[in-house]
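Engineer: Have a look at this one.
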Amino acid sequence: MAPLEQRALVPHNCCMRKKVALLTVSALFLAIITPLANAAVKPGTKCAKQGQTSTSAGMKYTCVKSGNKLVWNKGVAIKRPTPIPTATGDPIGAVGSTPTPTPTPTPTPTVKPVVENATAKKAFDIIQSARIQSSQLTYTYRIGTYAAPDVAKEVQRLVENAAQIYSLFLDSPRVVTIHVYTEKDMPALLDSTLFATQSGLIFFTDWWKKDDSVNSAYGHPGTFYNSECSVSTNQCTGPAGHAGAAYPSRATTLTLDLQALSVPSHELFHVMQDFHRFYGKPQYAVTEEVKDLAMRPIFREGGATFMAYSSSLTEFAQYENALVFDKNRLAKEYPSDLKALNSAEDVVSLLVKLERLDRSGRLYGLGAFLHEWLIANYGLDKFITLTKKHNVGKDFNQLFTETYGITLVEAYTKAAPHILERIKN
């Protein structure tokens, strides 16, 4: 499970007790909220009239409906027309006129082309080429009463994209419940044993009481659960995988970026890992630290980050755009670590440090770059084998060596130049 999957990892206001709608994929019909036109000074703040527009600091903002509220969208840059030089003084050729000097043309600034990382692109292409249409996964969707329909529909699309790859990690059909909910849905969710004991969700709701962000997500759950029970009725369901995320109730696809929308796909890959972690047997709630005993956290979280982006997204530019969040997170939250990474040896030292059951936000970006190198150089099959064979009874370092033919430290050393390049560029 990704601990705090999102930008600022926000939470919002918790409100009325509502039932969470249970929808099957065959019966899921979600209305798409069509963005209209209007303006704003600060994205995400309230506006008065849907369709209203406003310009500020070179941006044009539009008032759109998000849930039951009207808010300003993220805006688009206004293209400025190139000014045409106007001659001054007397008309040229007139008696007594003073010729106007020809203006010196302003040089056009050189736009630096985006350099595509060859290793990252190769890894992405390997994943894309492995897609299969026959999924091993059967879905049930639980959409919160206050979740925006367009967000739920986009999550469904990305999850089912990912399933075309994730099915390769399974040996038999599996059932997974996908959750999309908001801070306002929390009172109803707390009746379920999946949510009732999660302290992170309390943090999630408390945060959103104070923060007005509309570009954030909280990843939970992501596990193979033994039996989900109702606290009030004591009725239970059978074993199933569960994956999902919480979003602000006022968030829409206009306010959420690709990283936020990919969080349920990230959690779903944790379910693929957990299908194997306890020899294929489901468990009741297990801490992330216990899961780390079976698989190093940089592999658990880094693998889920890489697989979520490369499987649910279909264009390399989208993949790179989603990774921007994890790069920025490393720079913002761990500036001293980033500043200290000046050589391949520095990268290896940090990766070894992160093996010690470290669950910080450094795992996601660094782990994704490590997996780019692994997939590009060893292919997808070995990674699938590693995922299937890992479990609580095996030493992960030894299992890695058996699978790849090199030790973890040797892999870190070989991958370090690529990771360093990705971090610095």
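Chain identifiers are assigned as A, B, and so on, following the order in which chains appear in the structure tokens; residues are numbered from 1 within each chain, and ligands are numbered from 1 in order of appearance.
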Can you tell me, as a PyMOL selection string, what residues are no more than 9 Å from Lys327 (chain A) when counting only C-alpha atoms, ignoring any on the same chain fewer than 2 positions away?
Structural biologist: chain A and resi 323-325+329-332+364-366+422-423
Engineer: I'd like the neighbourhood of Pro239 (chain A) as a ChimeraX atom specification, where a residue qualifies if any of its atoms comes within 12 Å (using only C-alpha atoms), though same-chain residues fewer than 3 positions away should be ignored.
Structural biologist: /A:174-177,223-229,236,242,275,280-284
Engineer: Using N, CA, C and O atoms, can you write the selected residues to a file as a short mmCIF file (atom, residue, chain, number, x, y, z; two decimals), in the first residue's frame?
Structural biologist:
data_model
loop_
_atom_site.label_atom_id
_atom_site.label_comp_id
_atom_site.auth_asym_id
_atom_site.auth_seq_id
_atom_site.Cartn_x
_atom_site.Cartn_y
_atom_site.Cartn_z
N ARG A 174 -8.75 -13.79 -10.53
CA ARG A 174 -8.87 -13.19 -9.21
C ARG A 174 -9.95 -12.10 -9.23
O ARG A 174 -10.22 -11.50 -10.26
N VAL A 175 -10.54 -11.87 -8.07
CA VAL A 175 -11.56 -10.83 -7.92
C VAL A 175 -10.95 -9.66 -7.15
O VAL A 175 -10.30 -9.86 -6.12
N VAL A 176 -11.17 -8.45 -7.65
CA VAL A 176 -10.64 -7.26 -7.00
C VAL A 176 -11.74 -6.20 -6.91
O VAL A 176 -12.48 -5.97 -7.87
N THR A 177 -11.85 -5.59 -5.75
CA THR A 177 -12.77 -4.46 -5.56
C THR A 177 -11.98 -3.17 -5.67
O THR A 177 -10.96 -3.00 -4.99
N THR A 223 -4.44 -4.39 -0.93
CA THR A 223 -4.10 -5.63 -0.22
C THR A 223 -5.02 -6.77 -0.65
O THR A 223 -6.05 -6.55 -1.26
N PHE A 224 -4.61 -7.98 -0.31
CA PHE A 224 -5.41 -9.19 -0.53
C PHE A 224 -6.00 -9.53 0.83
O PHE A 224 -5.33 -10.09 1.70
N TYR A 225 -7.28 -9.19 1.02
CA TYR A 225 -7.89 -9.21 2.35
C TYR A 225 -8.65 -10.51 2.57
O TYR A 225 -9.35 -11.00 1.68
N ASN A 226 -8.55 -11.05 3.78
CA ASN A 226 -9.16 -12.33 4.08
C ASN A 226 -10.68 -12.24 4.16
O ASN A 226 -11.39 -13.07 3.60
N SER A 227 -11.19 -11.24 4.83
CA SER A 227 -12.64 -11.10 4.95
C SER A 227 -12.97 -9.69 5.42
O SER A 227 -12.55 -9.25 6.48
N GLU A 228 -13.74 -8.99 4.61
CA GLU A 228 -14.19 -7.65 4.98
C GLU A 228 -15.50 -7.76 5.73
O GLU A 228 -16.44 -8.40 5.26
N CYS A 229 -15.56 -7.14 6.89
CA CYS A 229 -16.75 -7.27 7.72
C CYS A 229 -17.35 -5.91 8.06
O CYS A 229 -16.63 -4.90 8.13
N CYS A 236 -19.87 -10.47 6.91
CA CYS A 236 -18.56 -10.49 6.28
C CYS A 236 -18.65 -11.00 4.85
O CYS A 236 -19.56 -11.76 4.50
N HIS A 242 -8.36 -5.76 -2.74
CA HIS A 242 -8.98 -4.44 -2.63
C HIS A 242 -7.93 -3.39 -3.00
O HIS A 242 -6.81 -3.41 -2.49
N PHE A 275 -0.99 -11.20 -3.66
CA PHE A 275 -1.52 -12.49 -4.07
C PHE A 275 -0.47 -13.60 -3.88
O PHE A 275 -0.81 -14.78 -3.80
N GLY A 280 -0.03 -17.26 -1.52
CA GLY A 280 -1.33 -17.22 -2.17
C GLY A 280 -2.51 -17.15 -1.23
O GLY A 280 -3.66 -17.20 -1.68
N LYS A 281 -2.27 -17.01 0.07
CA LYS A 281 -3.36 -16.97 1.03
C LYS A 281 -3.67 -15.53 1.44
O LYS A 281 -2.76 -14.74 1.65
N PRO A 282 -4.95 -15.19 1.58
CA PRO A 282 -5.30 -13.83 2.02
C PRO A 282 -4.99 -13.65 3.50
O PRO A 282 -4.87 -14.61 4.25
N GLN A 283 -4.89 -12.40 3.92
CA GLN A 283 -4.61 -12.08 5.32
C GLN A 283 -5.58 -11.01 5.80
O GLN A 283 -6.21 -10.32 5.01
N TYR A 284 -5.67 -10.88 7.12
CA TYR A 284 -6.34 -9.72 7.68
C TYR A 284 -5.36 -8.56 7.62
O TYR A 284 -4.25 -8.70 7.11
#
Engineer: Might you pull out every residue within 8 Å of region 381-391 of chain A, with only C-alpha atoms counted and same-chain residues fewer than 4 positions away left off, and present them as number ranges by chain?
Structural biologist: A: 168-169, 273, 276-279, 294-295, 374-375, 396, 399-400, 403-404
Engineer: Using Å and a single decimal, report how far CA of Arg142 (chain A) sits from CA of Glu154 (chain A).
Structural biologist: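 These two atoms are separated by 14.0 Å.
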Engineer: Here is a test: counting only C-alpha atoms, which residue of A:Phe299, A:Tyr181, A:Phe124, A:Tyr146 is nearest to Asp358 (chain A)?
Structural biologist: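 Of all the options, A:Phe299 lies closest to Asp358 (chain A).
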Engineer: Between A:Leu268, A:Val71, A:Ala196, A:Ala317, single out the one closest to Lys121 (chain A), counting only C-alpha atoms.
Structural biologist: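 Closest residue, counting only C-alpha atoms: A:Ala317.
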Engineer: Show which residues sit within 7 Å of Ala246 (chain A), as a short mmCIF file (atom, residue, chain, number, x, y, z; two decimals) with N, CA, C and O atoms, in the first residue's frame. Count only C-alpha atoms, and ignore same-chain residues fewer than 5 positions away.
Structural biologist:
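Contents of result.cif, freshly written:
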data_model
loop_
_atom_site.label_atom_id
_atom_site.label_comp_id
_atom_site.auth_asym_id
_atom_site.auth_seq_id
_atom_site.Cartn_x
_atom_site.Cartn_y
_atom_site.Cartn_z
N VAL A 180 -13.26 4.10 -4.99
CA VAL A 180 -13.02 5.52 -5.27
C VAL A 180 -13.93 6.30 -4.33
O VAL A 180 -15.15 6.18 -4.40
N TYR A 181 -13.34 7.06 -3.41
CA TYR A 181 -14.15 7.72 -2.39
C TYR A 181 -13.55 9.08 -2.06
O TYR A 181 -12.51 9.47 -2.60
N THR A 182 -14.21 9.81 -1.18
CA THR A 182 -13.78 11.15 -0.80
C THR A 182 -13.82 11.30 0.72
O THR A 182 -14.31 10.41 1.43
N ALA A 217 -4.38 12.81 -3.78
CA ALA A 217 -5.03 11.51 -3.59
C ALA A 217 -4.36 10.80 -2.43
O ALA A 217 -3.19 11.01 -2.15
N TYR A 218 -5.11 9.94 -1.77
CA TYR A 218 -4.59 9.11 -0.69
C TYR A 218 -4.82 7.66 -1.08
O TYR A 218 -5.96 7.23 -1.25
N GLY A 219 -3.73 6.91 -1.25
CA GLY A 219 -3.84 5.54 -1.72
C GLY A 219 -4.18 4.56 -0.62
O GLY A 219 -3.38 4.33 0.29
#
Engineer: Please identify all polymer residues within 10 Å of region 129-140 of chain A, counting only C-alpha atoms, omitting same-chain residues fewer than 3 positions from it, and present them as JSON, numbers by chain.
Structural biologist: {"A": [22, 23, 24, 25, 26, 27, 28, 124, 125, 126, 143, 156, 159, 160, 161, 162, 163, 164, 165, 166, 167, 168, 169, 170, 171, 172, 173, 174, 175, 176, 177, 178, 179, 241, 242, 311, 380]}
Engineer: Nearest to Glu320 (chain A) among A:Leu258, A:Ala340, A:Ile298, A:Val347, with distances taken over only C-alpha atoms: which residue is it?
Structural biologist: A:Leu258
Engineer: So how far away is CA of Ala415 (chain A) from CA of Ala376 (chain A), in Å?
Structural biologist: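 Computed distance, CA of Ala376 (chain A) to CA of Ala415 (chain A), equals 10.5 Å.
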Engineer: Between CA of His371 (chain A) and CA of Ala304 (chain A), what distance in Å does the model show, to one decimal?
Structural biologist: 9.6 Å
